[in-house]
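Chemist: Data file run07.cif (mmCIF, C-alpha atoms) is appended below.
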```cif
data_final
#
loop_
_atom_site.label_atom_id
_atom_site.label_comp_id
_atom_site.auth_asym_id
_atom_site.auth_seq_id
_atom_site.Cartn_x
_atom_site.Cartn_y
_atom_site.Cartn_z
CA MET A 1 50.38 102.94 88.47
CA SER A 2 53.87 102.59 89.95
CA SER A 3 56.27 105.47 89.39
CA ALA A 4 59.35 103.40 90.32
CA PRO A 5 62.20 103.63 87.81
CA PRO A 6 62.75 100.58 85.58
CA LYS A 7 65.03 97.84 86.83
CA GLY A 8 68.65 98.45 85.92
CA TRP A 9 68.15 102.13 85.18
CA ALA A 10 71.37 103.15 86.95
CA ARG A 11 73.45 100.81 84.81
CA TRP A 12 71.76 102.13 81.66
CA LEU A 13 72.67 105.70 82.64
CA TYR A 14 76.21 104.58 83.44
CA SER A 15 76.54 102.87 80.06
CA GLY A 16 75.19 105.95 78.30
CA ALA A 17 77.82 108.09 80.04
CA LEU A 18 80.55 105.67 78.93
CA TYR A 19 79.39 105.86 75.32
CA THR A 20 79.33 109.65 75.51
CA LEU A 21 82.90 109.71 76.84
CA SER A 22 84.13 106.92 74.56
CA PRO A 23 86.35 109.13 72.34
CA LEU A 24 88.29 110.32 75.39
CA ILE A 25 88.42 106.83 76.91
CA TRP A 26 89.64 105.24 73.68
CA ARG A 27 92.28 107.92 73.15
CA ARG A 28 93.79 107.14 76.55
CA VAL A 29 93.56 103.38 76.00
CA TRP A 30 95.24 103.71 72.60
CA ARG A 31 98.41 104.88 74.39
CA GLU A 32 98.15 102.31 77.21
CA GLN A 33 99.14 99.22 75.27
CA VAL A 34 101.92 96.66 74.78
CA PRO A 35 102.99 95.28 71.37
CA THR A 36 102.04 91.67 72.13
CA HIS A 37 98.37 92.51 72.69
CA PRO A 38 95.92 93.71 70.01
CA ARG A 39 93.99 96.81 70.94
CA LEU A 40 90.75 95.03 70.06
CA GLU A 41 91.09 93.17 73.37
CA ARG A 42 89.78 96.40 74.87
CA LEU A 43 86.50 95.71 73.04
CA GLY A 44 86.27 92.12 74.27
CA HIS A 45 87.85 90.38 71.28
CA VAL A 46 89.82 87.45 72.73
CA PRO A 47 90.49 83.95 71.39
CA GLU A 48 88.06 81.15 72.14
CA SER A 49 89.29 78.11 74.05
CA ALA A 50 87.92 74.61 74.56
CA ASP A 51 89.70 74.31 77.94
CA PRO A 52 87.88 74.97 81.22
CA THR A 53 88.85 78.48 82.29
CA LEU A 54 89.25 80.49 85.48
CA TRP A 55 89.44 84.27 85.11
CA LEU A 56 91.08 86.65 87.58
CA HIS A 57 91.13 90.42 87.09
CA ALA A 58 93.67 92.67 88.81
CA ALA A 59 93.84 96.34 87.90
CA SER A 60 97.55 97.09 87.72
CA VAL A 61 101.04 96.35 89.07
CA GLY A 62 100.26 96.55 92.78
CA GLU A 63 97.21 94.33 92.49
CA VAL A 64 99.08 91.77 90.36
CA ILE A 65 101.83 91.54 92.97
CA ALA A 66 99.28 91.20 95.79
CA ALA A 67 97.37 88.57 93.81
CA ARG A 68 100.48 86.50 93.05
CA PRO A 69 100.04 84.01 95.94
CA LEU A 70 96.43 83.41 94.89
CA ILE A 71 97.31 83.01 91.21
CA GLU A 72 100.00 80.47 92.05
CA ALA A 73 97.64 78.61 94.40
CA LEU A 74 94.90 78.48 91.74
CA ARG A 75 97.37 77.03 89.24
CA ARG A 76 98.29 74.29 91.71
CA ARG A 77 94.72 73.49 92.77
CA TYR A 78 93.15 73.54 89.30
CA PRO A 79 95.87 72.30 86.92
CA ALA A 80 93.32 71.17 84.30
CA HIS A 81 91.97 74.71 84.04
CA LYS A 82 93.38 77.50 81.94
CA LEU A 83 94.00 80.55 84.12
CA VAL A 84 93.40 83.91 82.46
CA VAL A 85 94.59 87.07 84.20
CA THR A 86 93.40 90.46 82.97
CA THR A 87 94.71 93.91 83.83
CA MET A 88 93.69 97.44 82.99
CA THR A 89 97.19 98.89 82.55
CA ALA A 90 100.16 98.09 80.34
CA THR A 91 102.49 98.00 83.35
CA GLY A 92 100.16 95.45 84.93
CA ALA A 93 100.36 93.37 81.74
CA GLU A 94 104.16 93.51 81.79
CA ARG A 95 104.23 92.43 85.43
CA VAL A 96 101.97 89.43 84.73
CA GLU A 97 104.24 88.33 81.92
CA ALA A 98 107.40 88.91 83.98
CA LEU A 99 106.11 87.00 87.03
CA PHE A 100 104.46 84.03 85.33
CA LYS A 101 106.39 83.76 82.05
CA GLY A 102 103.60 82.20 80.01
CA GLU A 103 102.23 79.97 82.78
CA VAL A 104 99.03 82.03 82.76
CA ILE A 105 97.33 83.77 79.84
CA HIS A 106 97.09 87.54 79.94
CA HIS A 107 94.50 89.73 78.21
CA PHE A 108 93.56 93.35 78.75
CA VAL A 109 90.21 93.63 80.46
CA PRO A 110 87.60 95.03 78.07
CA LEU A 111 86.31 98.53 78.54
CA ASP A 112 83.07 98.32 80.46
CA PHE A 113 80.77 98.95 77.49
CA PRO A 114 77.82 96.50 77.52
CA GLY A 115 78.68 94.94 74.15
CA ALA A 116 82.40 94.58 74.91
CA ALA A 117 81.65 93.05 78.31
CA ARG A 118 79.20 90.50 76.84
CA ARG A 119 81.58 89.62 74.01
CA PHE A 120 84.47 89.02 76.41
CA VAL A 121 82.53 86.90 78.90
CA ASN A 122 80.73 84.88 76.21
CA THR A 123 83.96 84.16 74.35
CA LEU A 124 86.08 83.40 77.41
CA ALA A 125 83.25 81.41 79.05
CA PRO A 126 84.96 81.18 82.46
CA GLU A 127 83.73 78.75 85.09
CA LEU A 128 84.55 81.38 87.73
CA ALA A 129 85.27 85.12 87.61
CA ILE A 130 87.46 86.57 90.38
CA PHE A 131 87.75 90.34 90.78
CA PHE A 132 90.64 91.58 92.94
CA GLU A 133 90.08 94.28 95.56
CA THR A 134 87.67 96.98 94.30
CA GLU A 135 87.34 96.18 90.61
CA LEU A 136 83.55 96.44 90.39
CA TRP A 137 82.69 96.93 86.72
CA PRO A 138 78.88 96.97 86.42
CA ASN A 139 78.58 95.69 82.84
CA LEU A 140 81.18 92.96 83.30
CA LEU A 141 79.34 91.80 86.42
CA GLU A 142 76.05 91.90 84.52
CA ALA A 143 77.54 89.86 81.67
CA CYS A 144 78.77 87.23 84.13
CA HIS A 145 75.36 87.12 85.80
CA ARG A 146 73.51 86.63 82.51
CA ARG A 147 75.80 83.81 81.47
CA GLY A 148 75.59 82.13 84.89
CA VAL A 149 79.27 82.64 85.75
CA PRO A 150 79.84 82.69 89.54
CA VAL A 151 81.55 85.91 90.65
CA ALA A 152 83.87 86.41 93.62
CA VAL A 153 85.50 89.61 94.83
CA VAL A 154 88.63 88.74 96.81
CA ASN A 155 90.92 90.82 99.01
CA GLY A 156 88.02 93.26 98.96
CA ARG A 157 88.98 96.69 100.19
CA LEU A 158 87.06 99.94 100.30
CA SER A 159 88.73 102.93 101.89
CA ALA A 160 86.75 105.68 103.56
CA ARG A 161 87.70 108.02 100.71
CA ALA A 162 86.57 105.54 98.04
CA MET A 163 83.38 104.91 99.99
CA ARG A 164 82.42 108.57 99.76
CA GLY A 165 82.69 108.42 95.97
CA TYR A 166 80.82 105.12 95.63
CA ARG A 167 78.04 106.31 97.91
CA ARG A 168 77.13 108.92 95.29
CA LEU A 169 76.59 105.99 92.90
CA GLY A 170 74.44 104.10 95.38
CA ALA A 171 71.90 102.55 92.98
CA LEU A 172 74.60 101.57 90.47
CA MET A 173 76.81 99.94 93.10
CA ALA A 174 73.92 98.12 94.76
CA ASN A 175 72.98 96.70 91.36
CA ALA A 176 76.58 95.63 90.70
CA LEU A 177 77.07 94.04 94.13
CA ALA A 178 73.85 92.07 93.71
CA LYS A 179 75.70 90.12 90.97
CA VAL A 180 78.54 89.09 93.33
CA ASP A 181 78.18 85.57 94.72
CA TRP A 182 80.88 85.90 97.37
CA LEU A 183 82.92 88.84 98.65
CA ALA A 184 86.02 88.18 100.77
CA ALA A 185 86.79 91.42 102.61
CA LYS A 186 90.19 92.30 104.02
CA SER A 187 88.84 93.65 107.29
CA SER A 188 85.65 94.18 109.24
CA GLU A 189 85.79 97.89 108.31
CA ASP A 190 85.95 97.03 104.61
CA ALA A 191 83.11 94.52 105.04
CA GLU A 192 80.89 97.09 106.72
CA ARG A 193 81.45 99.60 103.90
CA PHE A 194 80.58 96.99 101.28
CA ARG A 195 77.47 96.15 103.27
CA GLU A 196 76.46 99.82 103.34
CA LEU A 197 76.79 99.91 99.54
CA GLY A 198 74.36 97.02 99.23
CA MET A 199 76.39 93.81 99.42
CA PRO A 200 74.15 91.12 100.96
CA GLY A 201 75.56 90.15 104.34
CA GLU A 202 75.04 86.41 103.82
CA ARG A 203 77.46 86.51 100.87
CA LEU A 204 80.12 88.53 102.68
CA ASP A 205 83.00 87.21 104.81
CA VAL A 206 86.08 88.77 106.43
CA VAL A 207 89.13 86.68 105.51
CA GLY A 208 92.07 89.07 105.99
CA SER A 209 94.52 90.47 103.46
CA LEU A 210 96.11 88.27 100.82
CA LYS A 211 99.02 90.67 100.75
CA PHE A 212 100.38 89.07 103.93
CA ASP A 213 100.68 85.67 102.23
CA ILE A 214 103.72 86.86 100.33
CA ASP A 215 106.52 84.30 99.86
CA VAL A 216 110.27 84.65 99.43
CA ASP A 217 112.01 82.75 96.65
CA ASP A 218 115.17 81.06 97.97
CA ARG A 219 116.89 81.50 94.61
CA MET A 220 116.12 85.21 94.69
CA SER A 221 117.61 85.48 98.19
CA GLY A 222 120.84 83.95 96.90
CA GLU A 223 120.91 86.42 94.01
CA SER A 224 120.41 89.30 96.46
CA GLU A 225 123.35 88.10 98.56
CA HIS A 226 125.55 87.84 95.49
CA LEU A 227 124.60 91.33 94.32
CA ARG A 228 125.13 92.80 97.78
CA ALA A 229 128.59 91.25 97.97
CA SER A 230 129.46 93.01 94.71
CA PHE A 231 128.75 96.38 96.38
CA GLY A 232 131.51 95.87 98.92
CA PRO A 233 131.39 96.67 102.65
CA ARG A 234 129.41 99.90 102.49
CA PRO A 235 126.04 101.09 103.86
CA VAL A 236 123.21 100.47 101.37
CA TRP A 237 119.66 101.82 101.45
CA ILE A 238 116.90 101.60 98.89
CA ALA A 239 114.12 103.99 97.88
CA ALA A 240 111.58 102.01 95.86
CA SER A 241 108.46 102.75 93.81
CA THR A 242 109.18 106.48 93.78
CA HIS A 243 107.11 109.09 91.93
CA PRO A 244 107.67 112.56 90.45
CA GLY A 245 108.38 115.02 93.27
CA GLU A 246 109.61 112.17 95.44
CA ASP A 247 112.86 111.33 93.64
CA GLU A 248 114.06 114.86 94.39
CA GLN A 249 113.33 114.39 98.09
CA VAL A 250 115.07 111.02 98.13
CA LEU A 251 118.20 112.51 96.56
CA MET A 252 118.15 115.31 99.13
CA ALA A 253 117.91 112.70 101.87
CA HIS A 254 120.79 110.75 100.34
CA ARG A 255 122.96 113.83 100.37
CA ARG A 256 122.23 114.15 104.09
CA VAL A 257 123.05 110.46 104.64
CA ARG A 258 126.37 110.85 102.83
CA GLU A 259 127.37 113.72 105.10
CA ARG A 260 127.59 111.08 107.82
CA TYR A 261 128.41 108.06 105.64
CA PRO A 262 130.34 109.24 102.57
CA ASP A 263 130.43 105.74 101.08
CA ALA A 264 126.67 105.15 101.41
CA LEU A 265 124.97 103.72 98.32
CA LEU A 266 121.38 104.53 97.35
CA ILE A 267 119.43 102.07 95.22
CA LEU A 268 116.74 104.16 93.52
CA VAL A 269 113.84 102.34 91.85
CA PRO A 270 111.24 104.57 90.13
CA ARG A 271 107.71 103.18 90.05
CA HIS A 272 107.06 103.52 86.33
CA PRO A 273 109.45 102.39 83.57
CA GLN A 274 108.65 105.37 81.36
CA ARG A 275 110.39 107.54 83.99
CA PHE A 276 113.67 105.60 84.13
CA ASP A 277 115.52 107.92 81.75
CA ASP A 278 114.20 111.07 83.42
CA VAL A 279 115.27 109.89 86.86
CA ALA A 280 118.71 108.94 85.54
CA GLU A 281 119.09 112.46 84.16
CA LEU A 282 117.88 113.93 87.47
CA CYS A 283 120.57 111.98 89.32
CA ARG A 284 123.27 113.26 86.98
CA GLU A 285 122.01 116.84 87.35
CA ARG A 286 122.30 116.46 91.12
CA GLY A 287 125.93 115.37 90.77
CA GLU A 288 125.42 111.70 91.63
CA GLN A 289 127.74 109.04 90.27
CA LEU A 290 125.30 106.69 88.59
CA ALA A 291 125.32 102.99 87.71
CA LEU A 292 122.41 101.54 85.71
CA ARG A 293 121.03 98.09 86.50
CA SER A 294 119.62 97.76 82.96
CA ARG A 295 123.13 97.99 81.49
CA SER A 296 124.70 95.67 84.08
CA GLU A 297 127.01 98.54 85.07
CA PRO A 298 129.07 97.55 88.13
CA VAL A 299 128.81 99.49 91.36
CA GLN A 300 132.25 101.01 91.90
CA ASP A 301 133.72 102.80 94.91
CA LYS A 302 132.77 106.16 93.37
CA THR A 303 129.16 105.10 92.63
CA THR A 304 126.62 106.92 94.82
CA VAL A 305 123.34 105.86 93.18
CA TYR A 306 122.44 102.50 91.64
CA LEU A 307 119.36 102.98 89.44
CA GLY A 308 117.00 99.99 89.41
CA ASP A 309 115.76 100.68 85.88
CA THR A 310 114.49 97.14 85.23
CA MET A 311 111.16 95.41 85.75
CA GLY A 312 110.43 92.47 88.04
CA GLU A 313 113.54 92.82 90.22
CA LEU A 314 112.30 94.86 93.15
CA MET A 315 112.38 92.03 95.71
CA ARG A 316 115.90 91.12 94.59
CA LEU A 317 117.00 94.72 95.15
CA TYR A 318 115.21 95.00 98.49
CA GLY A 319 117.21 91.98 99.62
CA THR A 320 120.49 93.88 99.20
CA ALA A 321 119.54 96.82 101.43
CA ASP A 322 120.15 97.66 105.08
CA VAL A 323 117.16 100.03 105.15
CA ALA A 324 114.16 100.41 102.81
CA PHE A 325 112.02 103.45 102.06
CA VAL A 326 108.78 102.63 100.22
CA GLY A 327 107.70 105.41 97.88
CA GLY A 328 104.39 106.85 96.81
CA SER A 329 104.21 108.06 100.39
CA LEU A 330 105.96 111.46 100.38
CA VAL A 331 103.63 112.56 97.58
CA PRO A 332 99.81 112.18 97.50
CA VAL A 333 99.73 108.77 95.79
CA GLY A 334 98.62 106.56 98.66
CA GLY A 335 101.74 104.48 99.20
CA HIS A 336 102.96 101.14 97.88
CA ASN A 337 103.61 97.66 99.20
CA LEU A 338 105.30 97.86 102.61
CA LEU A 339 105.24 94.08 102.94
CA GLU A 340 107.93 93.35 100.35
CA PRO A 341 110.86 94.68 102.40
CA ALA A 342 109.17 93.59 105.64
CA ILE A 343 109.02 89.89 104.72
CA LEU A 344 112.75 90.06 103.94
CA GLY A 345 113.50 91.42 107.41
CA VAL A 346 114.56 94.85 106.12
CA PRO A 347 113.60 97.84 108.32
CA VAL A 348 110.79 99.79 106.64
CA LEU A 349 110.41 103.56 106.31
CA SER A 350 107.45 105.39 104.81
CA GLY A 351 106.05 108.85 104.33
CA PRO A 352 102.59 109.90 105.59
CA GLU A 353 100.59 109.27 102.37
CA LEU A 354 99.44 105.69 102.99
CA ALA A 355 95.74 105.64 102.15
CA ASN A 356 96.11 102.50 100.00
CA PHE A 357 98.11 100.60 102.63
CA SER A 358 96.72 101.95 105.89
CA ASP A 359 95.87 98.44 107.13
CA VAL A 360 99.38 97.14 106.48
CA ALA A 361 100.92 100.26 108.00
CA GLU A 362 98.88 99.81 111.17
CA VAL A 363 100.04 96.20 111.55
CA LEU A 364 103.68 97.23 111.18
CA ARG A 365 103.30 100.22 113.51
CA SER A 366 101.71 98.03 116.16
CA ALA A 367 104.80 95.82 116.02
CA ASP A 368 107.10 98.89 116.19
CA ALA A 369 108.33 97.88 112.75
CA LEU A 370 107.56 100.98 110.69
CA VAL A 371 109.42 104.29 110.81
CA ASP A 372 107.26 107.22 109.69
CA VAL A 373 109.00 110.19 108.06
CA SER A 374 107.45 113.46 106.93
CA ASP A 375 109.91 114.92 104.42
CA ALA A 376 113.38 114.67 102.90
CA GLU A 377 115.15 115.91 106.01
CA ALA A 378 113.35 113.41 108.26
CA LEU A 379 114.06 110.61 105.77
CA GLY A 380 117.77 111.39 105.75
CA GLU A 381 117.88 111.49 109.53
CA ALA A 382 115.99 108.22 109.92
CA VAL A 383 118.19 106.37 107.41
CA SER A 384 121.34 107.70 109.07
CA ALA A 385 120.11 106.72 112.53
CA LEU A 386 119.36 103.15 111.45
CA LEU A 387 122.67 102.79 109.64
CA ALA A 388 124.38 103.84 112.88
CA ALA A 389 122.53 101.27 115.00
CA PRO A 390 122.90 97.69 113.68
CA ASP A 391 121.14 96.17 116.71
CA GLU A 392 118.13 98.46 116.31
CA ARG A 393 118.13 97.80 112.58
CA ARG A 394 118.11 94.06 113.20
CA ARG A 395 115.33 94.37 115.80
CA ARG A 396 113.09 96.38 113.51
CA GLY A 397 113.71 94.06 110.58
CA GLU A 398 112.88 90.97 112.65
CA ALA A 399 109.77 92.68 114.05
CA ALA A 400 108.61 93.55 110.53
CA LYS A 401 109.02 89.97 109.31
CA ALA A 402 107.29 88.54 112.40
CA ALA A 403 104.36 90.94 111.97
CA VAL A 404 103.86 89.77 108.39
CA MET A 405 104.08 86.09 109.33
CA ALA A 406 101.52 86.53 112.11
CA GLN A 407 98.94 87.89 109.65
CA ARG A 408 99.15 85.05 107.14
CA GLY A 409 96.17 82.79 106.46
CA ALA A 410 93.94 84.81 104.15
CA LEU A 411 95.03 82.67 101.21
CA VAL A 412 93.72 79.44 102.76
CA ARG A 413 90.42 81.10 103.71
CA THR A 414 90.05 82.61 100.24
CA LEU A 415 90.69 79.27 98.52
CA ALA A 416 88.09 77.63 100.74
CA GLY A 417 85.51 80.24 99.77
CA LEU A 418 86.31 79.95 96.07
CA ALA A 419 86.05 76.15 96.26
CA LYS A 420 82.38 76.50 97.23
CA LEU A 421 81.78 78.22 93.89
CA LEU A 422 83.52 75.39 92.01
CA PRO A 423 82.22 72.25 93.73
CA GLY A 424 84.17 69.12 92.90
CA ASP A 425 86.61 70.84 90.53
CA ALA A 426 89.65 71.12 92.79
CA GLU A 427 92.35 68.58 91.94
CA THR A 428 94.65 69.17 94.91
CA PRO A 429 93.65 69.51 98.58
CA LEU A 430 93.48 72.82 100.35
CA PRO A 431 96.66 73.63 102.29
CA ASP A 432 96.93 73.19 106.05
CA GLY A 433 94.12 70.69 106.21
CA VAL A 434 91.34 73.14 105.33
CA ASN A 435 88.43 71.36 103.65
CA HIS A 436 85.33 72.55 101.86
#
```
Could you rewrite the structure in this file as structure tokens?
Modeler:
Amino acid sequence: MSSAPPKGWARWLYSGALYTLSPLIWRRVWREQVPTHPRLERLGHVPESADPTLWLHAASVGEVIAARPLIEALRRRYPAHKLVVTTMTATGAERVEALFKGEVIHHFVPLDFPGAARRFVNTLAPELAIFFETELWPNLLEACHRRGVPVAVVNGRLSARAMRGYRRLGALMANALAKVDWLAAKSSEDAERFRELGMPGERLDVVGSLKFDIDVDDRMSGESEHLRASFGPRPVWIAASTHPGEDEQVLMAHRRVRERYPDALLILVPRHPQRFDDVAELCRERGEQLALRSRSEPVQDKTTVYLGDTMGELMRLYGTADVAFVGGSLVPVGGHNLLEPAILGVPVLSGPELANFSDVAEVLRSADALVDVSDAEALGEAVSALLAAPDERRRRGEAAKAAVMAQRGALVRTLAGLAKLLPGDAETPLPDGVNH
């Protein structure tokens, strides 16, 4: 008699653990909500639709921004399909609604309980499920498999740190990856880690990072120029996507910059909207003369800090700056999107904590387009040095933009792979002459 464990045992244990922890999970979810979405979405209750549907899941703000080129391309290629985008976080939901303004449907992804996952997939009935980066939810994947929904994981990334955690869940992850029909990895290193976890090699391709297929809106560029003109002829630098413990360092750096450039303006953009008021108060406590973007307060000669306390305007604000520091990198967060200032030709600075964007950082470093700083003092010195050297600033900005442009192409390769899972459904040709 065989003593092998029953098929799917790891997922059963995982589901049992979720049920055990459900009071804690639900308490957190209860707070993470937006008024336009019923909380029952978290249990898979979504409206039925007679339209053919594509479903893309992106965890939060960063993933939504990275997925934007793909979402827009899917809308163009499959105009007869309804496109549903799910997120885990409320800030992700707000970003979807800000970016696409009703052109896609947003729901919260259900919690990964077996019943909620089945209810969601059966009601939505997508013709294709697309999971962005490392969103591998075992019960959602199982529900797709049972209903016969093809599953793709795109822009697949798996850091060495994440790999160590997933390896401890080897049987569970192998079972989940067995339900994936195609995985498009960002790099050969990511592909190898997925393969070690159990992803079948014949369903795994390296396509590059979709993050590099970022586009610049011409209208937004014009708005940036208009806003910059309103600041007057003064040095301007931006610190974006900052976190607690980082805002303090940025303000220290700004004080150092203003010792050399008294009229320098800092645009400070906290990562999370719930921190806007706290950061405004911090600026006032530090003696800064503050203007708030949310109140349309003008930047005057005496203004030292312009607080970007709005959502969906980061690229517009990046476009006004001479130098850009990308936050989440002077504190142990893992960094944020270095490509947004880079594609605009703005010199990019970052702290050392870049686990989530190590691939992008390496591309920019190789092009001598990324300035690494270790603390507030180094940040202040680096900003001051670049403000003092317009030719060097221009060179680094041009190198950053060229490095991004050279890495483009993952979008075309991803669309070609997805087309194989939806034979005959595409209604517009693939870009650049790529066929399937």
Chemist: Just the number, please: distance in Å from atom CA of Gly62 of chain A to atom CA of Glu340 of chain A, one decimal.
Modeler: 11.2 Å
Chemist: At what distance in Å, to one decimal, does atom CA of Ser224 of chain A lie from atom CA of Leu317 of chain A?
Modeler: 6.5 Å
Chemist: Please compute the atom CA of Ala90 of chain A-atom CA of Leu18 of chain A distance, one decimal, in Å.
Modeler: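 Separating atom CA of Ala90 of chain A from atom CA of Leu18 of chain A is a distance of 21.1 Å.
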Chemist: Just say which residues the PyMOL selection byres ((chain A and resi 297-311) around 8) picks in this file, as a list of chain:residue names.
Modeler: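 Applying the PyMOL selection byres ((chain A and resi 297-311) around 8) to the structure shown produces A:Arg95, A:Ala98, A:Ser230, A:Phe231, A:Asp263, A:Ala264, A:Leu265, A:Leu266, A:Ile267, A:Leu268, A:Val269, A:Pro270, A:Pro273, A:Phe276, A:Ala280, A:Cys283, A:Glu288, A:Gln289, A:Leu290, A:Ala291, A:Leu292, A:Arg293, A:Ser294, A:Arg295, A:Ser296, A:Gly312, A:Glu313, A:Leu314, A:Leu317.
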Chemist: May I have the selected residues written with C-alpha atoms, as a compact mmCIF listing (two decimals), in the frame of the given file?
Modeler:
```txt
# COMPACT_ATOMS: atom_id res chain seq x y z
CA ARG A 95 104.23 92.43 85.43
CA ALA A 98 107.40 88.91 83.98
CA SER A 230 129.46 93.01 94.71
CA PHE A 231 128.75 96.38 96.38
CA ASP A 263 130.43 105.74 101.08
CA ALA A 264 126.67 105.15 101.41
CA LEU A 265 124.97 103.72 98.32
CA LEU A 266 121.38 104.53 97.35
CA ILE A 267 119.43 102.07 95.22
CA LEU A 268 116.74 104.16 93.52
CA VAL A 269 113.84 102.34 91.85
CA PRO A 270 111.24 104.57 90.13
CA PRO A 273 109.45 102.39 83.57
CA PHE A 276 113.67 105.60 84.13
CA ALA A 280 118.71 108.94 85.54
CA CYS A 283 120.57 111.98 89.32
CA GLU A 288 125.42 111.70 91.63
CA GLN A 289 127.74 109.04 90.27
CA LEU A 290 125.30 106.69 88.59
CA ALA A 291 125.32 102.99 87.71
CA LEU A 292 122.41 101.54 85.71
CA ARG A 293 121.03 98.09 86.50
CA SER A 294 119.62 97.76 82.96
CA ARG A 295 123.13 97.99 81.49
CA SER A 296 124.70 95.67 84.08
CA GLY A 312 110.43 92.47 88.04
CA GLU A 313 113.54 92.82 90.22
CA LEU A 314 112.30 94.86 93.15
CA LEU A 317 117.00 94.72 95.15
```
Chemist: Starting from the shown file, work through the PyMOL selection byres ((chain A and resi 376-391) around 7) and note down what comes out as a ChimeraX atom specification.
Modeler: /A:235,249-250,252-254,256-257,323,373-375,392-395
Chemist: Choose the residue, out of A:Ser366, A:Ser221, A:Ser22, A:Ser49, that has the smallest atom-to-atom separation from Lys82 of chain A; count all atoms listed in the file.
Modeler: A:Ser49
Chemist: Which residues are close to Ala176 of chain A, i.e. within 8 Å by all atoms listed in the file, leaving aside same-chain residues fewer than 6 positions away? Reply as an mmCIF file with C-alpha atoms, keeping the file's coordinate frame.
Modeler:
```cif
data_model
loop_
_atom_site.group_PDB
_atom_site.id
_atom_site.type_symbol
_atom_site.label_atom_id
_atom_site.label_comp_id
_atom_site.auth_asym_id
_atom_site.auth_seq_id
_atom_site.Cartn_x
_atom_site.Cartn_y
_atom_site.Cartn_z
ATOM 1 C CA LEU A 136 83.550 96.440 90.390
ATOM 2 C CA TRP A 137 82.690 96.930 86.720
ATOM 3 C CA PRO A 138 78.880 96.970 86.420
ATOM 4 C CA LEU A 141 79.340 91.800 86.420
ATOM 5 C CA GLU A 142 76.050 91.900 84.520
#
```
